[in-house]
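What follows is a short report on a single structure.
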Amino acid sequence: GTFVLTGNTKIVLKTDSAGVKKACDFFLGVINRSTGLNIGYAKSASLAITVEIDPKIDHPEGYYLKVAPQGITVRAQTATGVFYAFQTLRQLFPPEIESRTVVPNFTWRVPAAEISDAPRFAYRGLMLDVVRHFFPIDFLKRYIDLMALYKYNYLHLHLTDDQGWRIEINAYPQLQNVSAWRRETMVGHLSEEPRRYDGIRYGGYYKQSELKDLVKYAADRHITIIPEIEIPGHATAALAAYPELSCTSNPVEVAREWGIFSNLYCPKEETFLFLTGVLSEVMNIFPGKYIHVGGDECVKDQWKQSEYCQILKLQNGLQSDEELQTWFIRRIASYVNARGRQIIGWDEILDGGEVSGATIMSWRGEQGGITAARKGHDAIMAPHRYCYFDYYQWRNRTEEPLAQGGYIPLSMVYMYNPIPKDLTDEQAKHVLGAQGNLWTEYIADGRQAEYMAYPRACALAEINWTPTESKSYDGFLSRLRMHGKRLDILNVNYARHFLK
Ligand code: TNX
């Protein structure tokens, strides 16, 4: 049968948990906007949506959802489980439920169902690079809204890089005045010669108040934001404002082109003072347990040529510049750990030895994650062959907007299994989940960001949620075809190749 939502439907709350009430309010916000039925709460109702906390639901993010003609029941161990039950319920309604305006004369039917559900992985993430291109807060909220619908729970914001610095830091105002702006931006692909530039000053940054508001917005949707401050490479923008933090002290400008640069922080006391000052403000804005400290693509030529660095290596018994990078990160990690937080680093951070307590984000391939898990580190899998949403998604590039390169069709994302074959069951427990990365060298605005992320982010959502035995690409595709209408109503600019 079906349940029909009418003006008589009420939510009957069997708990006084404020978190559960919030999850219900969120759901009511969605359905009241489109149905116009002004549904609220009651002590009892004939056609009720009954919501209760049930400690017997064994997974903290899991839920039980039953839809019957007489009513709907939601049970979960936590408010998060209730929130996810409602995201599933949203998807059981006709797509029109997502409308921003009231849909008149519509019958709101939900098919009868009984669902017991819980995620496969605890970490279900997307990364957005807000440096190469800068995205307004309203777009970030939209991105978060969509993530919530697909039960993602971590948004990783890449906030600093060679081409810009996007977070206000009160102690270092030149980051806002200088590092946040580049003189102009290269046009076309990095591989094109000769280089061309647009001549247009570009940049911007988020105020701390805006970020605090965003953190709350995300938390209301059961999403934690992970800030990334790149250390020690990808630091050109910061060094443009504070050149004394490099080994050469030579003036540099905020990068105008993509690629890998040799500017990096010098591991001297002034630098640690700067970075810990930055991180203390960052931790004040972002309350989550993870702070991402970067660590990728760190060209060490300036360290090699620096007498200071070579003496520092001798004094600390460091054999290589990779060991120096790890030494640097260890110091940063101990600062972060002392404040009750944990670091995440790109897989390079283990190249020069151990960083205890670090979670590794494996991007160069799966190996970084495998090595990390074997050594007892947690790992988040984001191998570029499967998880880079800045790569082409269609085999014929000439039919597509300019992109980074590579080729990751929807099917390839869907086939990915975050647990590498070579791990034992015990080691595999360290794999927290997978993340899709959206680097934005070639993504200038929100419309294009959605085009690159969707529907590949739908495939990744299913990878992170659904057990391997229950996955089927054909099943996914047929559901996605129906789902397209929902994305249309949400006005998402998703890529439509799967409809061909
Ligand atoms: C590598 S992935 C990078 C980024 C680029 C990306 C382009 C990683 C940790 N570093 O700086 O934007 O490739 O796909």
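Every chain in the structure tokens takes a letter, A first, then B, and so on in the order presented; its residues are numbered from 1, and the ligands are numbered from 1 following the presented order.
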Given only C-alpha atoms and all ligand atoms, how would the per-residue table for chain A near ligand 1 read, listing every residue at most 8 Å away with its closest atom pair and distance in Å to one decimal, sorted by chain and number, as a Markdown table?
```
| residue | atom | partner | partner_atom_place_in_ligand_line | distance |
| --- | --- | --- | --- | --- |
| A:Asp129 | CA | ligand 1 | 12 (O) | 7.7 |
| A:Arg132 | CA | ligand 1 | 12 (O) | 7.9 |
| A:Asp161 | CA | ligand 1 | 11 (O) | 7.9 |
| A:His234 | CA | ligand 1 | 11 (O) | 7.6 |
| A:Trp258 | CA | ligand 1 | 12 (O) | 7.9 |
| A:Gly259 | CA | ligand 1 | 11 (O) | 7.3 |
| A:Ile260 | CA | ligand 1 | 11 (O) | 7.4 |
| A:Gly294 | CA | ligand 1 | 9 (C) | 7.2 |
| A:Gly295 | CA | ligand 1 | 9 (C) | 7.6 |
| A:Asp296 | CA | ligand 1 | 9 (C) | 4.9 |
| A:Glu297 | CA | ligand 1 | 10 (N) | 6.3 |
| A:Trp346 | CA | ligand 1 | 9 (C) | 5.9 |
| A:Trp363 | CA | ligand 1 | 2 (S) | 5.8 |
| A:Arg364 | CA | ligand 1 | 2 (S) | 7.2 |
| A:His384 | CA | ligand 1 | 2 (S) | 7.1 |
| A:Tyr388 | CA | ligand 1 | 14 (O) | 6.6 |
| A:Asp390 | CA | ligand 1 | 14 (O) | 6.1 |
| A:Tyr391 | CA | ligand 1 | 14 (O) | 7.0 |
| A:Gln404 | CA | ligand 1 | 14 (O) | 6.0 |
| A:Gly405 | CA | ligand 1 | 14 (O) | 7.9 |
| A:Asn437 | CA | ligand 1 | 2 (S) | 7.7 |
| A:Leu438 | CA | ligand 1 | 14 (O) | 8.0 |
| A:Trp439 | CA | ligand 1 | 12 (O) | 4.7 |
| A:Thr440 | CA | ligand 1 | 12 (O) | 6.8 |
| A:Glu441 | CA | ligand 1 | 12 (O) | 6.5 |
```
Give me, as a tab-separated table, each residue of range 191-293 of chain A that comes within 10 Å of range 15-23 of chain A, together with its shortest interatomic pair and the distance in Å at one decimal, counting only C-alpha atoms, with rows ordered by chain and rising residue number.
```
residue	atom	partner	partner_atom	distance
A:Asp220	CA	A:Lys22	CA	7.6
A:Arg221	CA	A:Ala23	CA	8.1
A:His222	CA	A:Ala23	CA	9.1
```
From a DSSP pass on the backbone, collect the residues of range 241-392 of chain A flagged as alpha helix (DSSP H) and hand them back as a PyMOL selection string.
-> chain A and resi 241+269-285+301-304+307-315+321-338+367-374+384-387
Set the distance at 9 Å and use only C-alpha atoms: which residues neighbour Val336 in chain A once local chain neighbours fewer than 2 positions away are removed? I'd like the list as a PDB file with all heavy atoms, in the first residue's frame.
```pdb
ATOM      1  N   THR A 276      51.384  27.983  14.441  1.00  0.00           N
ATOM      2  CA  THR A 276      50.590  27.650  15.629  1.00  0.00           C
ATOM      3  C   THR A 276      49.583  28.772  15.907  1.00  0.00           C
ATOM      4  O   THR A 276      48.455  28.506  16.328  1.00  0.00           O
ATOM      5  CB  THR A 276      51.471  27.373  16.862  1.00  0.00           C
ATOM      6  OG1 THR A 276      52.355  28.478  17.056  1.00  0.00           O
ATOM      7  CG2 THR A 276      52.279  26.099  16.688  1.00  0.00           C
ATOM      8  N   LEU A 279      46.856  28.064  13.450  1.00  0.00           N
ATOM      9  CA  LEU A 279      46.080  26.871  13.830  1.00  0.00           C
ATOM     10  C   LEU A 279      45.224  27.115  15.067  1.00  0.00           C
ATOM     11  O   LEU A 279      44.134  26.551  15.183  1.00  0.00           O
ATOM     12  CB  LEU A 279      47.014  25.676  14.041  1.00  0.00           C
ATOM     13  CG  LEU A 279      47.604  25.110  12.746  1.00  0.00           C
ATOM     14  CD1 LEU A 279      48.692  24.084  13.055  1.00  0.00           C
ATOM     15  CD2 LEU A 279      46.520  24.491  11.859  1.00  0.00           C
ATOM     16  N   SER A 280      45.710  27.959  15.973  1.00  0.00           N
ATOM     17  CA  SER A 280      44.883  28.182  17.158  1.00  0.00           C
ATOM     18  C   SER A 280      43.590  28.904  16.767  1.00  0.00           C
ATOM     19  O   SER A 280      42.522  28.582  17.272  1.00  0.00           O
ATOM     20  CB  SER A 280      45.660  28.892  18.263  1.00  0.00           C
ATOM     21  OG  SER A 280      45.534  30.271  18.144  1.00  0.00           O
ATOM     22  N   MET A 283      41.375  26.282  14.986  1.00  0.00           N
ATOM     23  CA  MET A 283      40.714  25.349  15.914  1.00  0.00           C
ATOM     24  C   MET A 283      39.575  26.015  16.681  1.00  0.00           C
ATOM     25  O   MET A 283      38.638  25.357  17.111  1.00  0.00           O
ATOM     26  CB  MET A 283      41.737  24.737  16.870  1.00  0.00           C
ATOM     27  CG  MET A 283      42.613  23.717  16.156  1.00  0.00           C
ATOM     28  SD  MET A 283      43.666  22.777  17.279  1.00  0.00           S
ATOM     29  CE  MET A 283      45.088  23.829  17.348  1.00  0.00           C
ATOM     30  N   ILE A 291      41.995  18.204  12.109  1.00  0.00           N
ATOM     31  CA  ILE A 291      42.573  19.372  11.449  1.00  0.00           C
ATOM     32  C   ILE A 291      43.494  18.820  10.359  1.00  0.00           C
ATOM     33  O   ILE A 291      44.399  18.035  10.646  1.00  0.00           O
ATOM     34  CB  ILE A 291      43.393  20.229  12.445  1.00  0.00           C
ATOM     35  CG1 ILE A 291      42.517  20.683  13.634  1.00  0.00           C
ATOM     36  CG2 ILE A 291      44.036  21.419  11.733  1.00  0.00           C
ATOM     37  CD1 ILE A 291      41.376  21.632  13.304  1.00  0.00           C
ATOM     38  N   ARG A 331      55.977  18.151  14.768  1.00  0.00           N
ATOM     39  CA  ARG A 331      55.886  19.289  15.686  1.00  0.00           C
ATOM     40  C   ARG A 331      54.518  19.948  15.614  1.00  0.00           C
ATOM     41  O   ARG A 331      53.938  20.319  16.636  1.00  0.00           O
ATOM     42  CB  ARG A 331      56.968  20.319  15.331  1.00  0.00           C
ATOM     43  CG  ARG A 331      57.980  20.431  16.454  1.00  0.00           C
ATOM     44  CD  ARG A 331      58.952  21.529  16.213  1.00  0.00           C
ATOM     45  NE  ARG A 331      58.601  22.748  16.954  1.00  0.00           N
ATOM     46  CZ  ARG A 331      59.470  23.728  17.171  1.00  0.00           C
ATOM     47  NH1 ARG A 331      60.715  23.626  16.735  1.00  0.00           N
ATOM     48  NH2 ARG A 331      59.097  24.806  17.826  1.00  0.00           N
ATOM     49  N   ILE A 332      54.013  20.064  14.415  1.00  0.00           N
ATOM     50  CA  ILE A 332      52.674  20.639  14.235  1.00  0.00           C
ATOM     51  C   ILE A 332      51.636  19.716  14.878  1.00  0.00           C
ATOM     52  O   ILE A 332      50.714  20.168  15.579  1.00  0.00           O
ATOM     53  CB  ILE A 332      52.366  20.826  12.727  1.00  0.00           C
ATOM     54  CG1 ILE A 332      53.335  21.832  12.100  1.00  0.00           C
ATOM     55  CG2 ILE A 332      50.912  21.214  12.501  1.00  0.00           C
ATOM     56  CD1 ILE A 332      53.169  23.266  12.577  1.00  0.00           C
ATOM     57  N   ALA A 333      51.821  18.406  14.670  1.00  0.00           N
ATOM     58  CA  ALA A 333      50.867  17.437  15.221  1.00  0.00           C
ATOM     59  C   ALA A 333      50.844  17.515  16.749  1.00  0.00           C
ATOM     60  O   ALA A 333      49.775  17.453  17.360  1.00  0.00           O
ATOM     61  CB  ALA A 333      51.217  16.018  14.765  1.00  0.00           C
ATOM     62  N   SER A 334      52.014  17.685  17.357  1.00  0.00           N
ATOM     63  CA  SER A 334      51.999  17.693  18.820  1.00  0.00           C
ATOM     64  C   SER A 334      51.283  18.938  19.342  1.00  0.00           C
ATOM     65  O   SER A 334      50.601  18.877  20.361  1.00  0.00           O
ATOM     66  CB  SER A 334      53.397  17.519  19.413  1.00  0.00           C
ATOM     67  OG  SER A 334      54.175  18.625  19.074  1.00  0.00           O
ATOM     68  N   ALA A 338      47.931  18.480  21.563  1.00  0.00           N
ATOM     69  CA  ALA A 338      47.879  19.045  22.908  1.00  0.00           C
ATOM     70  C   ALA A 338      46.570  19.787  23.135  1.00  0.00           C
ATOM     71  O   ALA A 338      46.163  20.014  24.272  1.00  0.00           O
ATOM     72  CB  ALA A 338      49.069  19.979  23.132  1.00  0.00           C
ATOM     73  N   ARG A 339      45.924  20.179  22.042  1.00  0.00           N
ATOM     74  CA  ARG A 339      44.637  20.862  22.154  1.00  0.00           C
ATOM     75  C   ARG A 339      43.464  19.917  21.896  1.00  0.00           C
ATOM     76  O   ARG A 339      42.346  20.342  21.571  1.00  0.00           O
ATOM     77  CB  ARG A 339      44.614  22.067  21.207  1.00  0.00           C
ATOM     78  CG  ARG A 339      45.320  23.242  21.849  1.00  0.00           C
ATOM     79  CD  ARG A 339      46.081  24.113  20.892  1.00  0.00           C
ATOM     80  NE  ARG A 339      46.998  24.943  21.677  1.00  0.00           N
ATOM     81  CZ  ARG A 339      48.201  24.556  22.066  1.00  0.00           C
ATOM     82  NH1 ARG A 339      48.682  23.360  21.750  1.00  0.00           N
ATOM     83  NH2 ARG A 339      48.960  25.353  22.797  1.00  0.00           N
ATOM     84  N   GLY A 340      43.753  18.638  22.025  1.00  0.00           N
ATOM     85  CA  GLY A 340      42.682  17.645  21.955  1.00  0.00           C
ATOM     86  C   GLY A 340      42.197  17.311  20.549  1.00  0.00           C
ATOM     87  O   GLY A 340      41.122  16.744  20.376  1.00  0.00           O
ATOM     88  N   ARG A 341      42.995  17.670  19.547  1.00  0.00           N
ATOM     89  CA  ARG A 341      42.579  17.371  18.168  1.00  0.00           C
ATOM     90  C   ARG A 341      43.572  16.428  17.504  1.00  0.00           C
ATOM     91  O   ARG A 341      44.671  16.221  18.013  1.00  0.00           O
ATOM     92  CB  ARG A 341      42.497  18.654  17.320  1.00  0.00           C
ATOM     93  CG  ARG A 341      41.805  19.806  17.984  1.00  0.00           C
ATOM     94  CD  ARG A 341      40.320  19.595  18.187  1.00  0.00           C
ATOM     95  NE  ARG A 341      39.778  20.861  18.688  1.00  0.00           N
ATOM     96  CZ  ARG A 341      39.318  21.819  17.886  1.00  0.00           C
ATOM     97  NH1 ARG A 341      39.285  21.652  16.583  1.00  0.00           N
ATOM     98  NH2 ARG A 341      38.868  22.943  18.397  1.00  0.00           N
ATOM     99  N   GLN A 342      43.169  15.926  16.330  1.00  0.00           N
ATOM    100  CA  GLN A 342      44.030  15.018  15.588  1.00  0.00           C
ATOM    101  C   GLN A 342      44.320  15.572  14.212  1.00  0.00           C
ATOM    102  O   GLN A 342      43.465  16.238  13.632  1.00  0.00           O
ATOM    103  CB  GLN A 342      43.297  13.691  15.385  1.00  0.00           C
ATOM    104  CG  GLN A 342      43.540  12.689  16.469  1.00  0.00           C
ATOM    105  CD  GLN A 342      42.536  11.560  16.370  1.00  0.00           C
ATOM    106  OE1 GLN A 342      41.632  11.475  17.179  1.00  0.00           O
ATOM    107  NE2 GLN A 342      42.672  10.733  15.355  1.00  0.00           N
ATOM    108  N   ILE A 343      45.499  15.256  13.681  1.00  0.00           N
ATOM    109  CA  ILE A 343      45.781  15.746  12.333  1.00  0.00           C
ATOM    110  C   ILE A 343      45.421  14.704  11.274  1.00  0.00           C
ATOM    111  O   ILE A 343      45.448  13.495  11.501  1.00  0.00           O
ATOM    112  CB  ILE A 343      47.250  16.183  12.133  1.00  0.00           C
ATOM    113  CG1 ILE A 343      48.200  14.987  12.185  1.00  0.00           C
ATOM    114  CG2 ILE A 343      47.658  17.253  13.126  1.00  0.00           C
ATOM    115  CD1 ILE A 343      49.428  15.193  11.312  1.00  0.00           C
TER     116      ILE A 343
END
```
Surrounding residues of range 463-469 of chain A excluding itself and chain neighbours under 6 positions, 10 Å, only C-alpha atoms, as number ranges by chain | A: 117-125, 150-152, 413-418, 432-435, 457
Considering only C-alpha atoms, state which residue in the set A:Cys266, A:Leu487, A:Leu65, A:Ile97 is at the smallest distance from Leu28 in chain A.
-> A:Ile97
Would you kindly return, as a PDB file with C-alpha atoms, in the first residue's frame, each protein, DNA or RNA residue with an atom no farther than 7 Å from any atom of range 355-357 of chain A, considering only C-alpha atoms and excluding same-chain residues fewer than 4 positions away?
```pdb
ATOM      1  CA  THR A 326      57.996  14.438   8.844  1.00  0.00           C
ATOM      2  CA  ARG A 330      55.348  15.948  14.003  1.00  0.00           C
ATOM      3  CA  GLN A 342      44.030  15.018  15.588  1.00  0.00           C
ATOM      4  CA  LEU A 350      54.683   9.248   6.289  1.00  0.00           C
ATOM      5  CA  HIS A 377      47.101   4.568  11.359  1.00  0.00           C
TER       6      HIS A 377
END
```
